[in-house]
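Peer 1: Hey, dropping model_22.pdb in here, PDB, C-alpha atoms, pLDDT in the B column:
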```pdb
ATOM      1  CA  MET V   7      49.779 157.730 119.007  1.00 70.00           C
ATOM      2  CA  PHE V   8      46.538 157.903 117.058  1.00 71.00           C
ATOM      3  CA  PHE V   9      48.352 159.648 114.206  1.00 71.00           C
ATOM      4  CA  ASP V  10      50.986 156.892 114.204  1.00 72.00           C
ATOM      5  CA  TYR V  11      48.346 154.426 113.178  1.00 73.00           C
ATOM      6  CA  PHE V  12      46.260 156.814 111.072  1.00 78.00           C
ATOM      7  CA  PRO V  13      48.363 159.573 109.490  1.00 83.00           C
ATOM      8  CA  PRO V  14      46.604 162.850 108.543  1.00 86.00           C
ATOM      9  CA  LYS V  15      47.073 162.049 104.841  1.00 86.00           C
ATOM     10  CA  PHE V  16      45.216 158.739 105.308  1.00 87.00           C
ATOM     11  CA  LEU V  17      42.399 160.453 107.229  1.00 88.00           C
ATOM     12  CA  LYS V  18      42.056 163.010 104.443  1.00 90.00           C
ATOM     13  CA  GLU V  19      41.768 160.220 101.870  1.00 89.00           C
ATOM     14  CA  LEU V  20      39.197 158.467 104.087  1.00 90.00           C
ATOM     15  CA  ALA V  21      37.171 161.678 104.248  1.00 92.00           C
ATOM     16  CA  ILE V  22      37.268 161.904 100.424  1.00 91.00           C
ATOM     17  CA  CYS V  23      35.995 158.325 100.210  1.00 92.00           C
ATOM     18  CA  ASN V  24      33.171 159.150 102.637  1.00 93.00           C
ATOM     19  CA  VAL V  25      32.102 161.994 100.386  1.00 94.00           C
ATOM     20  CA  GLU V  26      32.274 159.650  97.369  1.00 93.00           C
ATOM     21  CA  LEU V  27      30.132 157.098  99.235  1.00 94.00           C
ATOM     22  CA  ILE V  28      27.497 159.717 100.072  1.00 95.00           C
ATOM     23  CA  LEU V  29      27.423 160.856  96.443  1.00 95.00           C
ATOM     24  CA  VAL V  30      27.129 157.293  95.130  1.00 95.00           C
ATOM     25  CA  THR V  31      24.290 156.580  97.591  1.00 95.00           C
ATOM     26  CA  PHE V  32      22.490 159.709  96.402  1.00 94.00           C
ATOM     27  CA  ILE V  33      22.894 158.759  92.733  1.00 95.00           C
ATOM     28  CA  TYR V  34      21.736 155.195  93.483  1.00 95.00           C
ATOM     29  CA  ASN V  35      18.605 156.553  95.192  1.00 93.00           C
ATOM     30  CA  LEU V  36      17.865 158.699  92.129  1.00 92.00           C
ATOM     31  CA  LEU V  37      18.260 155.608  89.965  1.00 92.00           C
ATOM     32  CA  THR V  38      15.659 153.725  92.032  1.00 91.00           C
ATOM     33  CA  TYR V  39      13.001 156.039  90.593  1.00 87.00           C
ATOM     34  CA  LEU V  40      13.679 154.450  87.192  1.00 86.00           C
ATOM     35  CA  ILE V  41      14.757 150.892  88.029  1.00 89.00           C
ATOM     36  CA  PRO V  42      12.885 148.734  90.586  1.00 90.00           C
ATOM     37  CA  LEU V  43      15.746 148.576  93.091  1.00 92.00           C
ATOM     38  CA  VAL V  44      15.183 149.119  96.790  1.00 92.00           C
ATOM     39  CA  ARG V  45      15.866 152.641  98.001  1.00 91.00           C
ATOM     40  CA  ILE V  46      18.501 153.094 100.704  1.00 92.00           C
ATOM     41  CA  ARG V  47      16.872 154.959 103.608  1.00 90.00           C
ATOM     42  CA  LEU V  48      18.742 157.365 105.842  1.00 92.00           C
ATOM     43  CA  GLY V  49      19.251 154.847 108.650  1.00 92.00           C
ATOM     44  CA  SER V  50      20.689 152.217 106.286  1.00 92.00           C
ATOM     45  CA  ALA V  51      22.952 154.812 104.647  1.00 94.00           C
ATOM     46  CA  ILE V  52      24.382 155.827 108.037  1.00 95.00           C
ATOM     47  CA  ILE V  53      24.972 152.178 108.971  1.00 94.00           C
ATOM     48  CA  ILE V  54      26.763 151.523 105.642  1.00 94.00           C
ATOM     49  CA  LEU V  55      28.922 154.607 106.207  1.00 94.00           C
ATOM     50  CA  ILE V  56      29.861 153.512 109.738  1.00 95.00           C
ATOM     51  CA  ILE V  57      30.622 149.916 108.677  1.00 93.00           C
ATOM     52  CA  THR V  58      32.754 151.098 105.749  1.00 93.00           C
ATOM     53  CA  ASN V  59      34.783 153.392 107.972  1.00 93.00           C
ATOM     54  CA  LEU V  60      35.243 150.714 110.625  1.00 93.00           C
ATOM     55  CA  ILE V  61      36.448 148.188 108.042  1.00 92.00           C
ATOM     56  CA  ILE V  62      38.896 150.595 106.429  1.00 91.00           C
ATOM     57  CA  LEU V  63      40.237 151.776 109.780  1.00 91.00           C
ATOM     58  CA  GLY V  64      40.482 148.158 110.947  1.00 91.00           C
ATOM     59  CA  LEU V  65      42.412 147.151 107.833  1.00 89.00           C
ATOM     60  CA  LYS V  66      44.763 150.101 108.213  1.00 88.00           C
ATOM     61  CA  PHE V  67      45.327 149.286 111.895  1.00 87.00           C
ATOM     62  CA  THR V  68      46.033 145.629 111.080  1.00 87.00           C
ATOM     63  CA  HIS V  69      48.361 146.575 108.224  1.00 83.00           C
ATOM     64  CA  PHE V  70      50.279 148.968 110.479  1.00 79.00           C
ATOM     65  CA  SER V  71      50.528 146.405 113.311  1.00 81.00           C
ATOM     66  CA  ILE V  72      51.837 143.681 110.975  1.00 81.00           C
ATOM     67  CA  ASN V  73      54.437 145.987 109.400  1.00 76.00           C
ATOM     68  CA  HIS V  74      55.751 147.202 112.759  1.00 72.00           C
ATOM     69  CA  ARG V  75      56.101 143.884 114.529  1.00 64.00           C
TER      70      ARG V  75
ATOM     71  CA  MET Y  10      44.838 159.674  92.304  1.00 61.00           C
ATOM     72  CA  ASN Y  11      47.499 157.998  94.463  1.00 81.00           C
ATOM     73  CA  SER Y  12      47.544 154.261  95.090  1.00 85.00           C
ATOM     74  CA  GLU Y  13      46.287 154.417  98.693  1.00 83.00           C
ATOM     75  CA  LEU Y  14      43.276 156.509  97.707  1.00 87.00           C
ATOM     76  CA  LYS Y  15      42.552 154.056  94.891  1.00 89.00           C
ATOM     77  CA  ARG Y  16      42.714 151.157  97.344  1.00 88.00           C
ATOM     78  CA  ILE Y  17      40.399 152.863  99.857  1.00 89.00           C
ATOM     79  CA  SER Y  18      37.960 153.804  97.059  1.00 91.00           C
ATOM     80  CA  LEU Y  19      37.949 150.208  95.845  1.00 91.00           C
ATOM     81  CA  ILE Y  20      37.215 148.855  99.339  1.00 91.00           C
ATOM     82  CA  THR Y  21      34.433 151.438  99.739  1.00 92.00           C
ATOM     83  CA  ALA Y  22      32.921 150.489  96.384  1.00 93.00           C
ATOM     84  CA  VAL Y  23      32.995 146.774  97.230  1.00 94.00           C
ATOM     85  CA  ILE Y  24      31.368 147.329 100.637  1.00 93.00           C
ATOM     86  CA  PHE Y  25      28.687 149.529  99.052  1.00 94.00           C
ATOM     87  CA  LEU Y  26      27.942 146.923  96.388  1.00 94.00           C
ATOM     88  CA  ILE Y  27      27.687 144.119  98.939  1.00 95.00           C
ATOM     89  CA  SER Y  28      25.364 146.267 101.105  1.00 94.00           C
ATOM     90  CA  VAL Y  29      23.124 147.160  98.170  1.00 94.00           C
ATOM     91  CA  ILE Y  30      22.894 143.544  96.997  1.00 95.00           C
ATOM     92  CA  THR Y  31      22.119 142.349 100.544  1.00 94.00           C
ATOM     93  CA  ILE Y  32      19.418 144.994 101.044  1.00 92.00           C
ATOM     94  CA  ASN Y  33      17.811 144.171  97.695  1.00 93.00           C
ATOM     95  CA  ILE Y  34      17.864 140.394  98.233  1.00 92.00           C
ATOM     96  CA  HIS Y  35      16.516 140.730 101.775  1.00 91.00           C
ATOM     97  CA  THR Y  36      13.719 143.094 100.726  1.00 89.00           C
ATOM     98  CA  TYR Y  37      12.686 141.173  97.610  1.00 89.00           C
ATOM     99  CA  PHE Y  38      12.504 137.881  99.498  1.00 87.00           C
ATOM    100  CA  ASP Y  39      10.621 139.302 102.496  1.00 85.00           C
ATOM    101  CA  ALA Y  40       7.118 138.070 101.604  1.00 78.00           C
ATOM    102  CA  GLY Y  41       5.470 139.969 104.466  1.00 82.00           C
ATOM    103  CA  LYS Y  42       5.924 143.308 102.707  1.00 84.00           C
ATOM    104  CA  TYR Y  43       4.211 142.361  99.444  1.00 90.00           C
ATOM    105  CA  ILE Y  44       0.872 141.269  98.076  1.00 90.00           C
ATOM    106  CA  PRO Y  45       0.948 138.134  95.907  1.00 91.00           C
ATOM    107  CA  GLU Y  46      -1.463 139.530  93.296  1.00 91.00           C
ATOM    108  CA  ALA Y  47       1.078 141.939  91.784  1.00 92.00           C
ATOM    109  CA  SER Y  48       4.668 141.784  90.567  1.00 92.00           C
ATOM    110  CA  ARG Y  49       7.255 142.625  93.220  1.00 91.00           C
ATOM    111  CA  SER Y  50       9.156 144.974  90.945  1.00 91.00           C
ATOM    112  CA  SER Y  51       6.076 147.203  90.474  1.00 93.00           C
ATOM    113  CA  GLN Y  52       5.462 147.161  94.232  1.00 93.00           C
ATOM    114  CA  VAL Y  53       9.093 148.120  94.928  1.00 92.00           C
ATOM    115  CA  ARG Y  54       8.957 150.894  92.342  1.00 91.00           C
ATOM    116  CA  ASN Y  55       5.831 152.402  93.879  1.00 93.00           C
ATOM    117  CA  THR Y  56       7.087 151.928  97.452  1.00 92.00           C
ATOM    118  CA  ASN Y  57      10.183 153.952  96.525  1.00 90.00           C
ATOM    119  CA  LEU Y  58       7.885 156.848  95.664  1.00 91.00           C
ATOM    120  CA  LEU Y  59       5.846 156.724  98.893  1.00 91.00           C
ATOM    121  CA  ARG Y  60       5.832 159.729 101.194  1.00 90.00           C
ATOM    122  CA  LYS Y  61       5.031 159.801 104.890  1.00 89.00           C
ATOM    123  CA  ALA Y  62       1.263 159.659 105.411  1.00 89.00           C
ATOM    124  CA  LYS Y  63      -0.048 163.217 105.644  1.00 89.00           C
ATOM    125  CA  LEU Y  64      -3.698 164.269 105.422  1.00 89.00           C
ATOM    126  CA  ASN Y  65      -3.232 166.998 102.811  1.00 90.00           C
ATOM    127  CA  HIS Y  66      -0.722 165.235 100.568  1.00 92.00           C
ATOM    128  CA  PRO Y  67      -0.925 162.442  98.003  1.00 94.00           C
ATOM    129  CA  SER Y  68       0.661 159.184  99.145  1.00 94.00           C
ATOM    130  CA  GLU Y  69       3.201 159.013  96.299  1.00 94.00           C
ATOM    131  CA  ARG Y  70       5.619 161.505  94.785  1.00 92.00           C
ATOM    132  CA  LYS Y  71       4.167 161.235  91.287  1.00 91.00           C
ATOM    133  CA  HIS Y  72       1.099 162.261  89.285  1.00 93.00           C
ATOM    134  CA  TYR Y  73      -2.019 160.207  89.723  1.00 95.00           C
ATOM    135  CA  PRO Y  74      -2.591 157.719  86.874  1.00 94.00           C
ATOM    136  CA  ASP Y  75      -5.729 158.219  84.781  1.00 93.00           C
ATOM    137  CA  LEU Y  76      -8.118 155.521  86.038  1.00 92.00           C
ATOM    138  CA  ALA Y  77     -10.461 155.882  83.072  1.00 90.00           C
ATOM    139  CA  LYS Y  78      -7.724 154.663  80.690  1.00 90.00           C
ATOM    140  CA  LYS Y  79      -6.911 151.448  82.593  1.00 90.00           C
ATOM    141  CA  LYS Y  80      -8.589 148.248  81.423  1.00 89.00           C
ATOM    142  CA  LYS Y  81      -7.984 145.721  84.217  1.00 92.00           C
ATOM    143  CA  LEU Y  82      -8.322 147.767  87.379  1.00 94.00           C
ATOM    144  CA  ARG Y  83      -8.454 146.171  90.795  1.00 94.00           C
ATOM    145  CA  VAL Y  84      -8.191 147.644  94.264  1.00 96.00           C
ATOM    146  CA  ILE Y  85      -6.601 145.583  97.030  1.00 96.00           C
ATOM    147  CA  ALA Y  86      -6.666 146.770 100.634  1.00 95.00           C
ATOM    148  CA  GLU Y  87      -4.086 145.252 102.963  1.00 94.00           C
ATOM    149  CA  PRO Y  88      -4.910 146.096 106.610  1.00 92.00           C
ATOM    150  CA  THR Y  89      -1.648 144.732 108.046  1.00 91.00           C
ATOM    151  CA  LEU Y  90       0.388 147.134 105.911  1.00 91.00           C
ATOM    152  CA  ASN Y  91      -2.105 150.056 106.162  1.00 92.00           C
ATOM    153  CA  ARG Y  92      -2.058 150.326 102.371  1.00 94.00           C
ATOM    154  CA  VAL Y  93      -4.397 150.239  99.426  1.00 96.00           C
ATOM    155  CA  TYR Y  94      -2.924 148.993  96.158  1.00 96.00           C
ATOM    156  CA  ILE Y  95      -4.362 150.024  92.819  1.00 96.00           C
ATOM    157  CA  LEU Y  96      -3.558 147.380  90.221  1.00 95.00           C
ATOM    158  CA  ASN Y  97      -3.827 147.306  86.453  1.00 95.00           C
ATOM    159  CA  GLY Y  98      -3.549 143.627  85.618  1.00 93.00           C
ATOM    160  CA  HIS Y  99      -0.579 142.326  87.599  1.00 93.00           C
ATOM    161  CA  ARG Y 100       1.165 145.645  88.009  1.00 94.00           C
ATOM    162  CA  VAL Y 101       0.710 148.077  90.854  1.00 95.00           C
ATOM    163  CA  ILE Y 102       0.109 151.566  89.483  1.00 95.00           C
ATOM    164  CA  TYR Y 103      -0.392 153.401  92.779  1.00 96.00           C
ATOM    165  CA  ILE Y 104      -0.121 152.722  96.495  1.00 96.00           C
ATOM    166  CA  MET Y 105      -2.080 154.739  99.059  1.00 96.00           C
ATOM    167  CA  HIS Y 106      -1.635 154.962 102.806  1.00 95.00           C
ATOM    168  CA  ALA Y 107      -4.939 153.878 104.342  1.00 94.00           C
ATOM    169  CA  LYS Y 108      -6.658 152.969 107.576  1.00 92.00           C
ATOM    170  CA  ILE Y 109      -8.853 149.990 106.729  1.00 93.00           C
ATOM    171  CA  ASN Y 110     -11.943 149.330 108.840  1.00 91.00           C
ATOM    172  CA  VAL Y 111     -13.795 146.927 106.559  1.00 92.00           C
ATOM    173  CA  ARG Y 112     -14.179 143.183 107.035  1.00 92.00           C
ATOM    174  CA  PRO Y 113     -12.270 140.961 104.574  1.00 94.00           C
ATOM    175  CA  GLY Y 114     -14.166 140.213 101.396  1.00 93.00           C
ATOM    176  CA  LYS Y 115     -14.597 140.860  97.680  1.00 94.00           C
ATOM    177  CA  LEU Y 116     -16.720 143.890  96.818  1.00 94.00           C
ATOM    178  CA  VAL Y 117     -17.219 146.172  93.839  1.00 94.00           C
ATOM    179  CA  SER Y 118     -17.259 149.939  93.433  1.00 93.00           C
ATOM    180  CA  GLN Y 119     -20.704 151.449  92.988  1.00 91.00           C
ATOM    181  CA  GLY Y 120     -19.772 154.454  90.880  1.00 88.00           C
ATOM    182  CA  LYS Y 121     -21.269 156.752  93.546  1.00 90.00           C
ATOM    183  CA  SER Y 122     -19.284 159.546  95.141  1.00 90.00           C
ATOM    184  CA  GLY Y 123     -19.778 162.848  96.856  1.00 91.00           C
ATOM    185  CA  GLN Y 124     -18.160 165.744  98.672  1.00 91.00           C
ATOM    186  CA  GLU Y 125     -19.186 165.401 102.311  1.00 89.00           C
ATOM    187  CA  LEU Y 126     -20.184 162.578 104.580  1.00 86.00           C
ATOM    188  CA  TYR Y 127     -21.371 162.824 108.183  1.00 86.00           C
ATOM    189  CA  GLN Y 128     -21.435 159.824 110.475  1.00 83.00           C
ATOM    190  CA  LYS Y 129     -22.569 159.389 114.054  1.00 80.00           C
ATOM    191  CA  GLN Y 130     -20.865 156.630 115.963  1.00 74.00           C
ATOM    192  CA  GLY Y 131     -22.181 156.349 119.535  1.00 77.00           C
ATOM    193  CA  LYS Y 132     -21.188 159.707 121.016  1.00 78.00           C
ATOM    194  CA  GLN Y 133     -18.685 160.486 118.269  1.00 78.00           C
ATOM    195  CA  PHE Y 134     -19.570 162.715 115.351  1.00 83.00           C
ATOM    196  CA  ILE Y 135     -17.316 162.275 112.334  1.00 84.00           C
ATOM    197  CA  SER Y 136     -17.193 164.218 109.098  1.00 87.00           C
ATOM    198  CA  GLY Y 137     -15.387 163.105 105.984  1.00 88.00           C
ATOM    199  CA  VAL Y 138     -14.860 164.475 102.497  1.00 89.00           C
ATOM    200  CA  ASN Y 139     -14.446 163.019  99.010  1.00 92.00           C
ATOM    201  CA  TRP Y 140     -16.320 159.818  99.669  1.00 92.00           C
ATOM    202  CA  THR Y 141     -16.710 156.960  97.205  1.00 94.00           C
ATOM    203  CA  GLU Y 142     -19.033 154.052  97.854  1.00 93.00           C
ATOM    204  CA  PHE Y 143     -18.129 150.412  97.329  1.00 92.00           C
ATOM    205  CA  GLY Y 144     -19.959 147.239  98.313  1.00 90.00           C
ATOM    206  CA  HIS Y 145     -23.073 147.974 100.381  1.00 88.00           C
ATOM    207  CA  HIS Y 146     -22.528 151.256 102.263  1.00 89.00           C
ATOM    208  CA  TYR Y 147     -18.765 150.981 102.576  1.00 92.00           C
ATOM    209  CA  TYR Y 148     -16.795 154.104 101.787  1.00 92.00           C
ATOM    210  CA  PHE Y 149     -13.427 155.407 100.764  1.00 94.00           C
ATOM    211  CA  GLU Y 150     -13.223 158.762 102.511  1.00 91.00           C
ATOM    212  CA  ALA Y 151     -10.903 161.323 104.047  1.00 90.00           C
ATOM    213  CA  VAL Y 152     -11.878 161.974 107.666  1.00 85.00           C
ATOM    214  CA  VAL Y 153     -11.340 165.641 108.449  1.00 84.00           C
ATOM    215  CA  THR Y 154     -13.016 166.173 111.825  1.00 81.00           C
ATOM    216  CA  ALA Y 155     -13.941 163.939 114.718  1.00 79.00           C
ATOM    217  CA  ASN Y 156     -16.106 165.489 117.472  1.00 76.00           C
ATOM    218  CA  ASN Y 157     -15.511 168.949 115.986  1.00 76.00           C
ATOM    219  CA  GLN Y 158     -11.750 168.505 116.419  1.00 76.00           C
ATOM    220  CA  PRO Y 159      -9.753 168.612 113.174  1.00 77.00           C
ATOM    221  CA  VAL Y 160      -7.836 165.435 112.381  1.00 77.00           C
ATOM    222  CA  LYS Y 161      -4.067 165.868 112.714  1.00 74.00           C
ATOM    223  CA  ARG Y 162      -1.866 166.091 109.616  1.00 71.00           C
ATOM    224  CA  GLN Y 163      -0.100 162.830 110.582  1.00 72.00           C
ATOM    225  CA  TRP Y 164      -3.459 161.108 110.527  1.00 74.00           C
ATOM    226  CA  LEU Y 165      -2.414 157.468 110.026  1.00 76.00           C
ATOM    227  CA  ALA Y 166      -0.565 157.172 113.352  1.00 73.00           C
ATOM    228  CA  LYS Y 167      -3.675 158.095 115.335  1.00 74.00           C
ATOM    229  CA  ALA Y 168      -6.509 157.494 112.892  1.00 68.00           C
ATOM    230  CA  THR Y 169     -10.033 157.703 114.301  1.00 74.00           C
ATOM    231  CA  ALA Y 170     -11.516 154.258 113.672  1.00 77.00           C
ATOM    232  CA  VAL Y 171     -14.535 154.761 111.444  1.00 84.00           C
ATOM    233  CA  PRO Y 172     -16.300 151.421 110.850  1.00 85.00           C
ATOM    234  CA  ASP Y 173     -17.167 150.324 107.316  1.00 89.00           C
ATOM    235  CA  SER Y 174     -14.708 152.744 105.776  1.00 91.00           C
ATOM    236  CA  ILE Y 175     -11.251 152.960 104.280  1.00 93.00           C
ATOM    237  CA  GLN Y 176      -9.687 156.225 105.344  1.00 92.00           C
ATOM    238  CA  LEU Y 177      -7.368 157.958 102.896  1.00 93.00           C
ATOM    239  CA  SER Y 178      -5.690 161.323 102.616  1.00 93.00           C
ATOM    240  CA  ILE Y 179      -7.756 164.130 101.069  1.00 93.00           C
ATOM    241  CA  PRO Y 180      -6.071 164.140  97.615  1.00 95.00           C
ATOM    242  CA  ASP Y 181      -6.108 160.313  97.450  1.00 95.00           C
ATOM    243  CA  ALA Y 182      -9.802 160.203  98.338  1.00 95.00           C
ATOM    244  CA  ARG Y 183     -10.527 162.795  95.632  1.00 95.00           C
ATOM    245  CA  TRP Y 184      -8.599 160.794  93.050  1.00 96.00           C
ATOM    246  CA  ILE Y 185     -10.267 157.463  93.898  1.00 95.00           C
ATOM    247  CA  GLN Y 186     -13.629 159.066  93.094  1.00 94.00           C
ATOM    248  CA  GLY Y 187     -12.640 158.440  89.463  1.00 93.00           C
ATOM    249  CA  LEU Y 188     -12.777 154.671  90.023  1.00 93.00           C
ATOM    250  CA  PRO Y 189     -15.041 153.157  87.342  1.00 93.00           C
ATOM    251  CA  LYS Y 190     -18.221 151.389  88.426  1.00 92.00           C
ATOM    252  CA  ASN Y 191     -17.934 147.620  89.122  1.00 93.00           C
ATOM    253  CA  THR Y 192     -14.178 147.746  89.755  1.00 94.00           C
ATOM    254  CA  PRO Y 193     -13.306 144.870  92.134  1.00 95.00           C
ATOM    255  CA  VAL Y 194     -12.310 145.992  95.624  1.00 95.00           C
ATOM    256  CA  ILE Y 195     -10.681 143.198  97.627  1.00 95.00           C
ATOM    257  CA  ILE Y 196     -10.139 143.513 101.368  1.00 95.00           C
ATOM    258  CA  ARG Y 197      -7.555 140.959 102.496  1.00 91.00           C
TER     259      ARG Y 197
END
```
Can I see the file as structure tokens?

Peer 2:
Amino acid sequence: MFFDYFPPKFLKELAICNVELILVTFIYNLLTYLIPLVRIRLGSAIIILIITNLIILGLKFTHFSINHR
Amino acid sequence: MNSELKRISLITAVIFLISVITINIHTYFDAGKYIPEASRSSQVRNTNLLRKAKLNHPSERKHYPDLAKKKKLRVIAEPTLNRVYILNGHRVIYIMHAKINVRPGKLVSQGKSGQELYQKQGKQFISGVNWTEFGHHYYFEAVVTANNQPVKRQWLAKATAVPDSIQLSIPDARWIQGLPKNTPVIIR
């Protein structure tokens, strides 16, 4: 039933986006050595990752539920 | 790149941007983390370079600035943040982790420094290295032993309270010995 809502192809794309997010966070932190922006610490990075995944999964779940009513 | 991946990437990018903007706004407007004497951008830049406080390491991940070449040096010690800020004009040039045991006031550096300092405090016997005097018998120093026990590497968490001193890490204390005479030292 889980894979009805979240097909393997979608989960693979979500994993790719997670990797992109980690890379972007790393590049942003490197940039903070040059520009006075606030560095993202490990705890904040994990929270951003969790929130992003929850939002995307929530949107996908909602989209699936609406289409299959 | 298929359309679903593009959509997910776009949502991820938007969430990341919103998070970064929120973190920056929240941090920049949080007055408790900054000193008013210096620009916030210079404080943020130096805070980004701060390491964890360790006895044998400099506080920041960069080379020490040359104090002799700076014209408008000031030292500001903030006990609530356990930090000492070195300012050139209105810009912070270095931040040091510190344990501050000096009463608030405005003092000046004396241009006197040395290698070792021994202090007896009741029954405690404390030895420090790389001392620099400021005010009247106040010292920047790195405390290395207390009662013949070496001070732990994570010294700030359990710093031995040495009155009339500002405790720094060993490399920081060595660097601050280059502070020119009559540089203002402000304890907030």

Peer 1: Tell me, counting all atoms listed in the file, for each residue of chain V within 7 Å of chain Y, which pair of atoms is nearest and how far apart they are in Å to one decimal, in rows ordered by chain and increasing number, as JSON lines.

Peer 2:
```
{"residue": "V:Glu19", "atom": "CA", "partner": "Y:Leu14", "partner_atom": "CA", "distance": 5.8}
{"residue": "V:Cys23", "atom": "CA", "partner": "Y:Ser18", "partner_atom": "CA", "distance": 5.9}
{"residue": "V:Tyr39", "atom": "CA", "partner": "Y:Arg54", "partner_atom": "CA", "distance": 6.8}
{"residue": "V:Pro42", "atom": "CA", "partner": "Y:Arg54", "partner_atom": "CA", "distance": 4.8}
{"residue": "V:Leu43", "atom": "CA", "partner": "Y:Asn33", "partner_atom": "CA", "distance": 6.7}
{"residue": "V:Val44", "atom": "CA", "partner": "Y:Asn33", "partner_atom": "CA", "distance": 5.7}
{"residue": "V:Arg45", "atom": "CA", "partner": "Y:Asn57", "partner_atom": "CA", "distance": 6.0}
{"residue": "V:Thr58", "atom": "CA", "partner": "Y:Thr21", "partner_atom": "CA", "distance": 6.2}
```

Peer 1: For each of Y:Leu76, Y:Ala182, Y:Leu177, Y:Val160, take the minimum atom-to-atom distance to Gln124 of chain Y, counting only C-alpha atoms, then give the residue where this is smallest.

Peer 2: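 Among the listed residues, Y:Ala182 lies closest to Gln124 of chain Y.
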
Peer 1: Translate the PyMOL selection byres ((chain Y and resi 178) around 9), as applied to the file shown, into an explicit residue set as an MDAnalysis selection string.

Peer 2: chainID Y and resid 62:68 105:107 150:152 164:165 176:177 179:183

Peer 1: For the provided coordinates, the residues matched by the PyMOL selection byres ((chain Y and resi 117) around 8) should be stated as a VMD selection string.

Peer 2: chain Y and resid 115 to 116 118 to 119 143 to 144 190 to 194

Peer 1: How many Å lie between atom CA of Tyr43 of chain Y and atom CA of Val101 of chain Y, rounded to one decimal?

Peer 2: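 Going from atom CA of Tyr43 of chain Y over to atom CA of Val101 of chain Y, I get 10.9 Å.
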
Peer 1: Between atom CA of Glu46 of chain Y and atom CA of Arg60 of chain Y, measure the distance and give it in Å to one decimal.

Peer 2: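 Value for the atom CA of Glu46 of chain Y-atom CA of Arg60 of chain Y distance: 22.9 Å.
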
Peer 1: Written as a PyMOL selection string, what is the full residue list that the PyMOL selection byres ((chain Y and resi 153) around 8) yields on the file shown?

Peer 2: chain Y and resi 135-138+151-152+154-155+159-160

Peer 1: Give me, please, the distance in Å between atom CA of Thr141 of chain Y and atom CA of Leu188 of chain Y, quoted to one decimal.

Peer 2: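 Between these atoms lies a distance of 8.5 Å.
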
Peer 1: For Ser71 of chain V, list every protein, DNA or RNA residue within 12 Å, evaluated using all atoms listed in the file, and leave out those in the same chain fewer than 5 positions away; present the list as JSON, numbers by chain.

Peer 2: {"V": [10, 11, 12, 64, 65, 66]}

Peer 1: Emit as JSON the padded axis-aligned box for all listed atoms of segment 24-38 of chain V, 3 Å per side, with centre and edge lengths in Å to one decimal.

Peer 2:
```
{"center_x": 24.4, "center_y": 157.9, "center_z": 96.3, "size_x": 23.5, "size_y": 14.3, "size_z": 18.7}
```

Peer 1: For each of V:Ile46, V:Leu17, V:Ile72, V:Ile56, take the minimum atom-to-atom distance to Phe32 of chain V, counting only C-alpha atoms, then give the residue where this is smallest.

Peer 2: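 Ranking V:Ile46, V:Leu17, V:Ile72, V:Ile56 by distance to Phe32 of chain V, first place goes to V:Ile46.
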
Peer 1: When distances are computed from all atoms listed in the file, which of V:Met7, V:Leu55, V:Ile41, V:Ile61 shows the smallest separation from Val25 of chain V?

Peer 2: V:Leu55

Peer 1: Please fill the gaps in segment 61-69 of chain V so it has N, CA, C and O atoms, and write that as a PDB file, in the coordinates of the input.

Peer 2:
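As a result, out13.pdb now contains:
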```
ATOM      1  N   ILE V  61      35.658 149.197 108.772  1.00 92.00           N
ATOM      2  CA  ILE V  61      36.448 148.188 108.042  1.00 92.00           C
ATOM      3  C   ILE V  61      37.753 148.790 107.537  1.00 92.00           C
ATOM      4  O   ILE V  61      38.837 148.190 107.700  1.00 92.00           O
ATOM      5  N   ILE V  62      37.670 149.972 106.970  1.00 91.00           N
ATOM      6  CA  ILE V  62      38.896 150.595 106.429  1.00 91.00           C
ATOM      7  C   ILE V  62      39.871 150.926 107.551  1.00 91.00           C
ATOM      8  O   ILE V  62      41.084 150.652 107.437  1.00 91.00           O
ATOM      9  N   LEU V  63      39.357 151.470 108.645  1.00 91.00           N
ATOM     10  CA  LEU V  63      40.237 151.776 109.780  1.00 91.00           C
ATOM     11  C   LEU V  63      40.826 150.493 110.366  1.00 91.00           C
ATOM     12  O   LEU V  63      42.009 150.447 110.737  1.00 91.00           O
ATOM     13  N   GLY V  64      40.005 149.447 110.432  1.00 91.00           N
ATOM     14  CA  GLY V  64      40.482 148.158 110.947  1.00 91.00           C
ATOM     15  C   GLY V  64      41.586 147.573 110.080  1.00 91.00           C
ATOM     16  O   GLY V  64      42.613 147.090 110.581  1.00 91.00           O
ATOM     17  N   LEU V  65      41.397 147.665 108.761  1.00 89.00           N
ATOM     18  CA  LEU V  65      42.412 147.151 107.833  1.00 89.00           C
ATOM     19  C   LEU V  65      43.710 147.938 107.967  1.00 89.00           C
ATOM     20  O   LEU V  65      44.816 147.373 107.958  1.00 89.00           O
ATOM     21  N   LYS V  66      43.573 149.255 108.089  1.00 88.00           N
ATOM     22  CA  LYS V  66      44.763 150.101 108.213  1.00 88.00           C
ATOM     23  C   LYS V  66      45.503 149.785 109.515  1.00 88.00           C
ATOM     24  O   LYS V  66      46.731 149.691 109.542  1.00 88.00           O
ATOM     25  N   PHE V  67      44.740 149.607 110.587  1.00 87.00           N
ATOM     26  CA  PHE V  67      45.327 149.286 111.895  1.00 87.00           C
ATOM     27  C   PHE V  67      46.065 147.950 111.830  1.00 87.00           C
ATOM     28  O   PHE V  67      47.189 147.813 112.321  1.00 87.00           O
ATOM     29  N   THR V  68      45.428 146.963 111.211  1.00 87.00           N
ATOM     30  CA  THR V  68      46.033 145.629 111.080  1.00 87.00           C
ATOM     31  C   THR V  68      47.301 145.693 110.232  1.00 87.00           C
ATOM     32  O   THR V  68      48.334 145.114 110.582  1.00 87.00           O
ATOM     33  N   HIS V  69      47.224 146.421 109.132  1.00 83.00           N
ATOM     34  CA  HIS V  69      48.361 146.575 108.224  1.00 83.00           C
ATOM     35  C   HIS V  69      49.541 147.227 108.949  1.00 83.00           C
ATOM     36  O   HIS V  69      50.694 146.789 108.840  1.00 83.00           O
TER      37      HIS V  69
END
```
